[in-house]
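Down below is the structure, laid out as structure tokens.
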Amino acid sequence: MRGIEVTLVEKGNLTHGTTGRMHGLLHSGGRYAVSDKESAKECVQENYVLQEIADHCIEMTGGLFVKRPEDTDEYFRKKLRGCRECDIPTKVLTGEQAREMEPYLATDIDRAIWVPDGADVIASCTSCSLSLRQGYPELFDIEGTEDVSDDTFEALEYLRIHENLESELDDTTVDFPDLAYHAPCHARNQGLARQALETFREVEGVTIEDVGDSCSGISGTHGWKAEKYHTSMEIGEEMFHHMADAEGDVGMIECPTCAMQMEHGTGYEIRHPLQLLEAALVE
Ligand SMILES: Cc1cc2nc3c(=O)[nH]c(=O)nc-3n(C[C@H](O)[C@H](O)[C@H](O)COP(=O)(O)OP(=O)(O)OC[C@H]3O[C@@H](n4cnc5c(N)ncnc54)[C@H](O)[C@@H]3O)c2cc1C
């Protein structure tokens, strides 16, 4: 990217080491502005370089350092001074201004420092990731829509890119009901169909069957409308049959709206792939 010829010698796969574990945050340097000013300066300079040469990979979400009631005014001022000394742009926000940017911020936060961090967008629903990636840029002429689109990932897709899930799941045994997996149409549109199968089929204790290509027929709010209900159930019928013919006891799908239709049309209890991942790695 910087016009330098390099030879990469790597003992594992690409991003095998720490890089594959990172959270995807493009640091402003604010985190180190008190404890390690040299690193803070390098961070903010690198942040500008990456914005210049790899703008398509970055969504400038901004970041907030918030002051909790138990944090001292003195440290807040020290952080602000540290950022300024390292040439990290800052804005001091009131609690209300910070909550306008981040509505779920705790109500007892009374001040915050804004810094120019960037981050990726993760959706746990394939229809949501498709909307952000493809639908919104087609529908809206709002500044930044394309950037959000470029930086959006479906959750399992993101974990497969950034974590070594295969080795994490290697020695795991999971206690989970047998699964009938249906790939949502919106996952297929993003090339994500069957990622749950690929991720879990070798895991000890998992039985997962692909029920094949069909459509749930719900299509967002379409199937919720009284006048569209019968059409939606007719479209979904093939999928209901696929599910009924499958061996699994429980359904699995990435899209919560399709999951509702699947549950309604088949009586199956439905799980999300992240629930299986949680059972395998967290519980
Ligand atoms: C949980 C976590 C979250 C993080 N989040 C962020 C973040 O959001 N933003 C951010 O900017 N930074 C983040 N970091 C820090 C960042 O990931 C690291 O600073 C960065 O990845 C280091 O890159 P590197 O190329 O120096 O090392 P590595 O990515 O570890 O690369 C070293 C490579 O050398 C290979 N190697 C080792 N020995 C040999 C050998 N003998 N022969 C050949 N190859 C060998 C390894 O396999 C490895 O791939 C995070 C770190 C962690 C652990």
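Chain labels run A, B, ... following the order of the structure tokens; each chain numbers its residues from 1, and ligands are numbered from 1 in the order shown.
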So which residues are near ligand 1, meaning at most 7 Å away with only C-alpha atoms and all ligand atoms counted, given back as a PDB file with N, CA and C atoms, in the first residue's frame?
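Contents of the output file pocket-v6.pdb:
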ATOM      1  N   VAL A   9       7.469 -13.516   5.357  1.00  0.00           N
ATOM      2  CA  VAL A   9       7.784 -14.881   5.813  1.00  0.00           C
ATOM      3  C   VAL A   9       6.915 -15.120   7.033  1.00  0.00           C
ATOM      4  N   GLU A  10       6.006 -16.067   6.933  1.00  0.00           N
ATOM      5  CA  GLU A  10       5.013 -16.240   7.990  1.00  0.00           C
ATOM      6  C   GLU A  10       4.906 -17.718   8.331  1.00  0.00           C
ATOM      7  N   LYS A  11       5.061 -18.054   9.606  1.00  0.00           N
ATOM      8  CA  LYS A  11       5.046 -19.482   9.969  1.00  0.00           C
ATOM      9  C   LYS A  11       3.626 -20.064   9.957  1.00  0.00           C
ATOM     10  N   GLY A  12       2.611 -19.212  10.097  1.00  0.00           N
ATOM     11  CA  GLY A  12       1.234 -19.719  10.069  1.00  0.00           C
ATOM     12  C   GLY A  12       0.515 -19.180   8.851  1.00  0.00           C
ATOM     13  N   LEU A  14      -2.025 -16.111   7.057  1.00  0.00           N
ATOM     14  CA  LEU A  14      -2.042 -14.646   7.117  1.00  0.00           C
ATOM     15  C   LEU A  14      -2.771 -14.197   8.384  1.00  0.00           C
ATOM     16  N   THR A  15      -2.255 -13.193   9.066  1.00  0.00           N
ATOM     17  CA  THR A  15      -2.785 -12.679  10.339  1.00  0.00           C
ATOM     18  C   THR A  15      -2.874 -13.754  11.422  1.00  0.00           C
ATOM     19  N   HIS A  16      -1.968 -14.693  11.351  1.00  0.00           N
ATOM     20  CA  HIS A  16      -1.937 -15.826  12.287  1.00  0.00           C
ATOM     21  C   HIS A  16      -1.686 -15.350  13.732  1.00  0.00           C
ATOM     22  N   GLY A  17      -0.902 -14.276  13.880  1.00  0.00           N
ATOM     23  CA  GLY A  17      -0.478 -13.836  15.216  1.00  0.00           C
ATOM     24  C   GLY A  17      -1.436 -12.845  15.852  1.00  0.00           C
ATOM     25  N   THR A  18      -0.897 -11.856  16.540  1.00  0.00           N
ATOM     26  CA  THR A  18      -1.714 -10.882  17.275  1.00  0.00           C
ATOM     27  C   THR A  18      -2.685 -10.146  16.364  1.00  0.00           C
ATOM     28  N   THR A  19      -2.278  -9.878  15.139  1.00  0.00           N
ATOM     29  CA  THR A  19      -3.136  -9.126  14.212  1.00  0.00           C
ATOM     30  C   THR A  19      -4.507  -9.792  14.049  1.00  0.00           C
ATOM     31  N   GLY A  20      -4.511 -11.120  14.018  1.00  0.00           N
ATOM     32  CA  GLY A  20      -5.770 -11.843  13.880  1.00  0.00           C
ATOM     33  C   GLY A  20      -6.652 -11.745  15.113  1.00  0.00           C
ATOM     34  N   ARG A  21      -6.122 -11.236  16.234  1.00  0.00           N
ATOM     35  CA  ARG A  21      -6.904 -11.146  17.477  1.00  0.00           C
ATOM     36  C   ARG A  21      -7.427  -9.728  17.730  1.00  0.00           C
ATOM     37  N   MET A  22      -6.996  -8.781  16.896  1.00  0.00           N
ATOM     38  CA  MET A  22      -7.319  -7.389  17.218  1.00  0.00           C
ATOM     39  C   MET A  22      -8.819  -7.099  17.019  1.00  0.00           C
ATOM     40  N   HIS A  23      -9.275  -6.024  17.665  1.00  0.00           N
ATOM     41  CA  HIS A  23     -10.707  -5.713  17.672  1.00  0.00           C
ATOM     42  C   HIS A  23     -11.161  -4.899  16.462  1.00  0.00           C
ATOM     43  N   GLY A  24     -10.224  -4.475  15.657  1.00  0.00           N
ATOM     44  CA  GLY A  24     -10.610  -3.683  14.482  1.00  0.00           C
ATOM     45  C   GLY A  24     -10.717  -2.198  14.766  1.00  0.00           C
ATOM     46  N   LEU A  25     -10.224  -1.755  15.913  1.00  0.00           N
ATOM     47  CA  LEU A  25     -10.292  -0.329  16.243  1.00  0.00           C
ATOM     48  C   LEU A  25      -9.062   0.391  15.711  1.00  0.00           C
ATOM     49  N   LEU A  26      -9.308   1.432  14.924  1.00  0.00           N
ATOM     50  CA  LEU A  26      -8.197   2.289  14.495  1.00  0.00           C
ATOM     51  C   LEU A  26      -8.010   3.341  15.587  1.00  0.00           C
ATOM     52  N   HIS A  27      -6.981   3.160  16.410  1.00  0.00           N
ATOM     53  CA  HIS A  27      -6.797   4.025  17.577  1.00  0.00           C
ATOM     54  C   HIS A  27      -6.534   5.473  17.201  1.00  0.00           C
TER      55      HIS A  27
END
- Neighbour list for Ala106 (chain A) as a PyMOL selection string, cut-off 12 Å, only C-alpha atoms, skip fewer than 6 positions in-chain: chain A and resi 66-69+95-96+98-100+112
Take the residues just selected and output them with C-alpha atoms as an mmCIF file, in the first residue's frame.
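And here is the file that came out, out-v8.cif:
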data_model
loop_
_atom_site.group_PDB
_atom_site.id
_atom_site.type_symbol
_atom_site.label_atom_id
_atom_site.label_comp_id
_atom_site.auth_asym_id
_atom_site.auth_seq_id
_atom_site.Cartn_x
_atom_site.Cartn_y
_atom_site.Cartn_z
ATOM 1 C CA VAL A 66 -16.348 9.206 29.360
ATOM 2 C CA LYS A 67 -16.044 10.477 32.903
ATOM 3 C CA ARG A 68 -17.826 8.253 35.424
ATOM 4 C CA PRO A 69 -18.989 9.879 38.701
ATOM 5 C CA GLY A 95 -23.280 14.223 29.187
ATOM 6 C CA GLU A 96 -26.306 15.201 27.036
ATOM 7 C CA ALA A 98 -22.421 12.412 24.475
ATOM 8 C CA ARG A 99 -25.791 10.660 24.863
ATOM 9 C CA GLU A 100 -27.008 12.246 21.629
ATOM 10 C CA ALA A 112 -16.809 13.017 27.806
#
- Message: Please extract the residues of region 32-77 of chain A with a backbone DSSP assignment of strand (DSSP E) and present them as a PyMOL selection string.
- Response: chain A and resi 63-67
C-alpha atoms of the current selection, written as a tab-separated table (two decimals), in the first residue's frame:
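Final output, result.tsv:
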chain	number	residue	atom	x	y	z
A	63	GLY	CA	-14.63	7.45	20.16
A	64	LEU	CA	-15.56	8.74	23.60
A	65	PHE	CA	-13.58	8.73	26.83
A	66	VAL	CA	-16.35	9.21	29.36
A	67	LYS	CA	-16.04	10.48	32.90
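Look at Gln51 (chain A): the protein and nucleic acid residues within 12 Å of it, using only C-alpha atoms and passing over chain neighbours fewer than 6 places away, are Leu26, His27, Ser28, Val44, Gln45, Cys57, Ile58, Glu59, Met60, Pro116, Asp117, Gly118 and Asp147 of chain A.
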Could those residues be written to a file, using C-alpha atoms, as a JSON list (two decimals), in the first residue's frame?
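Written out: again_32.json:
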[["chain", "number", "residue", "atom", "x", "y", "z"],
["A", 26, "LEU", "CA", -8.20, 2.29, 14.50],
["A", 27, "HIS", "CA", -6.80, 4.02, 17.58],
["A", 28, "SER", "CA", -6.75, 7.79, 17.88],
["A", 44, "VAL", "CA", -2.54, 9.46, 15.75],
["A", 45, "GLN", "CA", 0.04, 9.90, 12.97],
["A", 57, "CYS", "CA", -11.34, 0.07, 5.10],
["A", 58, "ILE", "CA", -12.18, 2.65, 7.75],
["A", 59, "GLU", "CA", -15.37, 3.99, 9.19],
["A", 60, "MET", "CA", -14.68, 7.06, 11.31],
["A", 116, "PRO", "CA", -11.19, 10.41, 16.19],
["A", 117, "ASP", "CA", -11.36, 6.60, 16.55],
["A", 118, "GLY", "CA", -12.68, 4.37, 13.76],
["A", 147, "ASP", "CA", -18.23, 4.05, 4.36]]
- In region 17-197 of chain A, what's helix (DSSP H, G or I) per DSSP? Answer as a PyMOL selection string? chain A and resi 18-21+30-32+37-53+55-57+73-85+95-101+126-139+145-150+155-162+165-170+185-189+195-197
- Item | Residue contacts of region 35-39 of chain A (12 Å, only C-alpha atoms) excluding same-chain residues fewer than 6 positions away, as a PyMOL selection string | chain A and resi 27-29+45-47+75+78-79+81-88
Those same residues - N, CA and C atoms - I'd like them written as a compact mmCIF listing (two decimals), in the first residue's frame.
# COMPACT_ATOMS: atom_id res chain seq x y z
N HIS A 27 -6.98 3.16 16.41
CA HIS A 27 -6.80 4.02 17.58
C HIS A 27 -6.53 5.47 17.20
N SER A 28 -7.08 6.36 18.01
CA SER A 28 -6.75 7.79 17.88
C SER A 28 -5.46 8.08 18.63
N GLY A 29 -5.09 7.18 19.55
CA GLY A 29 -3.95 7.43 20.43
C GLY A 29 -4.40 7.91 21.80
N GLN A 45 -0.58 9.69 14.29
CA GLN A 45 0.04 9.90 12.97
C GLN A 45 -0.34 8.75 12.02
N GLU A 46 -0.29 7.53 12.55
CA GLU A 46 -0.63 6.35 11.74
C GLU A 46 -2.11 6.38 11.35
N ASN A 47 -2.94 6.86 12.28
CA ASN A 47 -4.37 7.01 12.01
C ASN A 47 -4.57 7.88 10.76
N TYR A 75 -8.10 13.75 36.70
CA TYR A 75 -7.71 12.81 35.64
C TYR A 75 -8.32 13.21 34.29
N LYS A 78 -6.17 15.80 32.96
CA LYS A 78 -4.88 15.22 32.57
C LYS A 78 -5.00 14.51 31.20
N LYS A 79 -6.09 13.79 31.03
CA LYS A 79 -6.33 13.08 29.75
C LYS A 79 -6.45 14.09 28.61
N ARG A 81 -5.31 17.18 28.52
CA ARG A 81 -4.01 17.82 28.28
C ARG A 81 -3.09 16.87 27.50
N GLY A 82 -3.10 15.59 27.91
CA GLY A 82 -2.27 14.57 27.26
C GLY A 82 -2.61 14.49 25.77
N CYS A 83 -3.90 14.45 25.44
CA CYS A 83 -4.32 14.37 24.03
C CYS A 83 -3.80 15.59 23.28
N ARG A 84 -3.96 16.76 23.90
CA ARG A 84 -3.52 17.99 23.20
C ARG A 84 -2.02 17.98 22.99
N GLU A 85 -1.27 17.52 23.98
CA GLU A 85 0.20 17.47 23.84
C GLU A 85 0.62 16.51 22.73
N CYS A 86 -0.20 15.51 22.48
CA CYS A 86 0.14 14.52 21.44
C CYS A 86 -0.51 14.85 20.09
N ASP A 87 -1.10 16.02 19.98
CA ASP A 87 -1.77 16.45 18.74
C ASP A 87 -2.95 15.57 18.37
N ILE A 88 -3.64 15.04 19.38
CA ILE A 88 -4.84 14.24 19.11
C ILE A 88 -6.04 15.19 19.21
- Task: Find the residue from A:Met262, A:Val6, A:Leu276, A:Cys185 that sits nearest to Leu197 (chain A); use only C-alpha atoms when measuring.
- Result: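 Smallest distance to Leu197 (chain A) is found for A:Leu276.
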- What's the 12 Å shell around Val282 (chain A), counting only C-alpha atoms, without same-chain residues fewer than 2 positions away, as a list of chain:residue names?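 Final neighbour list, sorted by chain and number: A:Glu168, A:Leu169, A:Thr172, A:Thr173, A:Val174, A:Leu274, A:Gln275, A:Leu276, A:Leu277, A:Glu278, A:Ala279, A:Ala280.
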- Query: Taking only C-alpha atoms into account, which of A:Val34, A:Thr61, A:Asp141, A:Asp73 comes nearest Met101 (chain A)?
  - Reply: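 Of A:Val34, A:Thr61, A:Asp141, A:Asp73, the one nearest Met101 (chain A) is A:Thr61, counting only C-alpha atoms.
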- Query: CA of Pro256 (chain A) and CA of Tyr158 (chain A), how far apart in Å?
  - Reply: 18.2 Å
- Leaving out region 123-134 of chain A and any residue of its chain fewer than 4 positions from it, which residues lie within 6 Å of it when counting only C-alpha atoms, given as a list in words?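 Here the qualifying residues turn out to be Ser149, Glu154, Ala155, His186, Ala187, Glu254 and Cys255 of chain A.
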Kindly export the residues of the current selection with C-alpha atoms, as an mmCIF file, in the first residue's frame.
data_model
loop_
_atom_site.group_PDB
_atom_site.id
_atom_site.type_symbol
_atom_site.label_atom_id
_atom_site.label_comp_id
_atom_site.auth_asym_id
_atom_site.auth_seq_id
_atom_site.Cartn_x
_atom_site.Cartn_y
_atom_site.Cartn_z
ATOM 1 C CA SER A 149 -21.378 -0.208 3.905
ATOM 2 C CA GLU A 154 -22.123 -10.168 9.766
ATOM 3 C CA ALA A 155 -21.063 -11.350 13.239
ATOM 4 C CA HIS A 186 -29.908 -12.585 2.517
ATOM 5 C CA ALA A 187 -26.940 -14.682 3.694
ATOM 6 C CA GLU A 254 -28.826 -16.359 11.108
ATOM 7 C CA CYS A 255 -31.857 -14.152 10.416
#
- Note on the structure: Correct to one decimal, the distance CA of Glu146 (chain A)-CA of Pro273 (chain A) is 27.9 Å
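Among the candidates A:Ser219, A:Gly205, A:Glu138, A:Arg2, the one nearest to Leu50 (chain A) when counting only C-alpha atoms is A:Arg2.
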- Tell me which of A:Asp120, A:Trp114, A:Thr7, A:Pro103 sits closest to Arg31 (chain A), counting only C-alpha atoms.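 Smallest distance to Arg31 (chain A) is found for A:Trp114.
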